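Participant: Before I ask anything, here is the structure I am working with.
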Amino acid sequence: MNFKLIAILASASLAAGCQSLSESYAAHQARSHKIEHVVGNTWRISADWPVLGTEGQLAEWLHDQALAHCSALNFEGMNPLTRSTYAGKDGKGASGWLEFRCERGERVEHEYQGIKINLDPFLEGGDEPSPMTEH
């Protein structure tokens, strides 16, 4: 008797899990996004997640997609310019956009050189008037 009950409960939970997976897949497929060229190396990506996701998840996803877009164009970096994300209707899903600039990496070698000050004219103590004062 217990074995039959366990088998029935297991099959019912498996069927419910499959339905949940298909609903999740359908919600994921409802997402939309597009990348538009603005000017020069500036682009705008916008996305609409009508069912699943939060503002934070969407902002992170937009950033990752912008970085991937710049990498695909053989740029080493992505500079986010402005963005806006907001919650969807009834608190479900999120929508937003991000404007970004694709940029080439610069080879910069940082080297500390210190401050070099020549104090000899001040230490000699001559009687000449200072060039900053009037005669």
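Lettering and numbering for the structure tokens are positional, with chains as A, B, ... in the shown order, residues counted from 1 in each chain, and ligands counted from 1 in the shown order.
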What's the 10 Å shell around segment 60-62 of chain A, counting only C-alpha atoms, without same-chain residues fewer than 2 positions away, as a PDB file with N, CA and C atoms, in the first residue's frame?
Facilitator:
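So the final result, stored in around.pdb, reads:
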```pdb
ATOM      1  N   HIS A  33      14.692  41.653 -27.023  1.00  0.00           N
ATOM      2  CA  HIS A  33      15.714  42.691 -26.917  1.00  0.00           C
ATOM      3  C   HIS A  33      16.181  43.095 -28.306  1.00  0.00           C
ATOM      4  N   ARG A  44      22.784  51.368 -28.286  1.00  0.00           N
ATOM      5  CA  ARG A  44      21.705  51.319 -27.283  1.00  0.00           C
ATOM      6  C   ARG A  44      21.079  49.930 -27.352  1.00  0.00           C
ATOM      7  N   ILE A  45      21.053  49.251 -26.211  1.00  0.00           N
ATOM      8  CA  ILE A  45      20.384  47.957 -26.114  1.00  0.00           C
ATOM      9  C   ILE A  45      19.166  48.131 -25.226  1.00  0.00           C
ATOM     10  N   SER A  46      18.033  47.633 -25.689  1.00  0.00           N
ATOM     11  CA  SER A  46      16.807  47.694 -24.891  1.00  0.00           C
ATOM     12  C   SER A  46      16.224  46.295 -24.791  1.00  0.00           C
ATOM     13  N   ALA A  47      15.580  46.025 -23.679  1.00  0.00           N
ATOM     14  CA  ALA A  47      15.020  44.692 -23.443  1.00  0.00           C
ATOM     15  C   ALA A  47      13.710  44.800 -22.688  1.00  0.00           C
ATOM     16  N   GLU A  55      14.516  44.104 -11.878  1.00  0.00           N
ATOM     17  CA  GLU A  55      15.278  45.222 -12.429  1.00  0.00           C
ATOM     18  C   GLU A  55      16.779  44.976 -12.338  1.00  0.00           C
ATOM     19  N   GLY A  56      17.220  44.458 -11.212  1.00  0.00           N
ATOM     20  CA  GLY A  56      18.647  44.188 -11.014  1.00  0.00           C
ATOM     21  C   GLY A  56      19.174  43.134 -11.975  1.00  0.00           C
ATOM     22  N   GLN A  57      18.403  42.067 -12.154  1.00  0.00           N
ATOM     23  CA  GLN A  57      18.817  41.020 -13.095  1.00  0.00           C
ATOM     24  C   GLN A  57      18.877  41.561 -14.515  1.00  0.00           C
ATOM     25  N   LEU A  58      17.912  42.386 -14.878  1.00  0.00           N
ATOM     26  CA  LEU A  58      17.892  42.956 -16.220  1.00  0.00           C
ATOM     27  C   LEU A  58      19.076  43.898 -16.424  1.00  0.00           C
ATOM     28  N   ASP A  64      26.049  42.738 -19.502  1.00  0.00           N
ATOM     29  CA  ASP A  64      26.748  41.587 -20.093  1.00  0.00           C
ATOM     30  C   ASP A  64      26.561  41.542 -21.607  1.00  0.00           C
ATOM     31  N   GLN A  65      25.351  41.834 -22.082  1.00  0.00           N
ATOM     32  CA  GLN A  65      25.094  41.813 -23.522  1.00  0.00           C
ATOM     33  C   GLN A  65      25.852  42.937 -24.234  1.00  0.00           C
ATOM     34  N   ALA A  66      25.933  44.102 -23.615  1.00  0.00           N
ATOM     35  CA  ALA A  66      26.683  45.216 -24.201  1.00  0.00           C
ATOM     36  C   ALA A  66      28.171  44.869 -24.295  1.00  0.00           C
ATOM     37  N   LEU A  67      28.703  44.262 -23.252  1.00  0.00           N
ATOM     38  CA  LEU A  67      30.101  43.848 -23.255  1.00  0.00           C
ATOM     39  C   LEU A  67      30.358  42.804 -24.339  1.00  0.00           C
ATOM     40  N   ALA A  68      29.448  41.855 -24.495  1.00  0.00           N
ATOM     41  CA  ALA A  68      29.579  40.829 -25.530  1.00  0.00           C
ATOM     42  C   ALA A  68      29.478  41.454 -26.923  1.00  0.00           C
ATOM     43  N   ARG A  83      21.540  54.571 -18.402  1.00  0.00           N
ATOM     44  CA  ARG A  83      20.647  53.415 -18.419  1.00  0.00           C
ATOM     45  C   ARG A  83      19.414  53.713 -17.595  1.00  0.00           C
ATOM     46  N   THR A  85      16.183  51.141 -15.901  1.00  0.00           N
ATOM     47  CA  THR A  85      15.451  49.885 -15.767  1.00  0.00           C
ATOM     48  C   THR A  85      14.275  50.136 -14.829  1.00  0.00           C
ATOM     49  N   GLY A  96      13.911  47.829 -19.708  1.00  0.00           N
ATOM     50  CA  GLY A  96      14.974  48.811 -19.545  1.00  0.00           C
ATOM     51  C   GLY A  96      15.818  48.959 -20.786  1.00  0.00           C
ATOM     52  N   TRP A  97      16.775  49.889 -20.707  1.00  0.00           N
ATOM     53  CA  TRP A  97      17.694  50.134 -21.808  1.00  0.00           C
ATOM     54  C   TRP A  97      19.031  50.593 -21.255  1.00  0.00           C
ATOM     55  N   LEU A  98      20.055  50.482 -22.082  1.00  0.00           N
ATOM     56  CA  LEU A  98      21.408  50.893 -21.718  1.00  0.00           C
ATOM     57  C   LEU A  98      22.075  51.471 -22.954  1.00  0.00           C
ATOM     58  N   GLU A  99      22.594  52.692 -22.828  1.00  0.00           N
ATOM     59  CA  GLU A  99      23.416  53.277 -23.888  1.00  0.00           C
ATOM     60  C   GLU A  99      24.868  53.099 -23.471  1.00  0.00           C
TER      61      GLU A  99
END
```
Participant: Rank A:Leu119, A:Leu52, A:Met78, A:Val39 by their smallest atom-to-atom distance to Glu103 of chain A, using only C-alpha atoms, and report the top residue only.
Facilitator: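 Smallest separation from Glu103 of chain A among the options: A:Met78.
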Participant: Between atom CA of Ala59 of chain A and atom CA of Lys89 of chain A, what is the spacing in Å?
Facilitator: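 Between atom CA of Lys89 of chain A and atom CA of Ala59 of chain A the gap is 17.3 Å.
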Participant: For a test of reading the model, state the distance in Å between atom CA of Asn41 of chain A and atom CA of Ser71 of chain A, rounded to one decimal.
Facilitator: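 Interatomic distance here is 12.5 Å.
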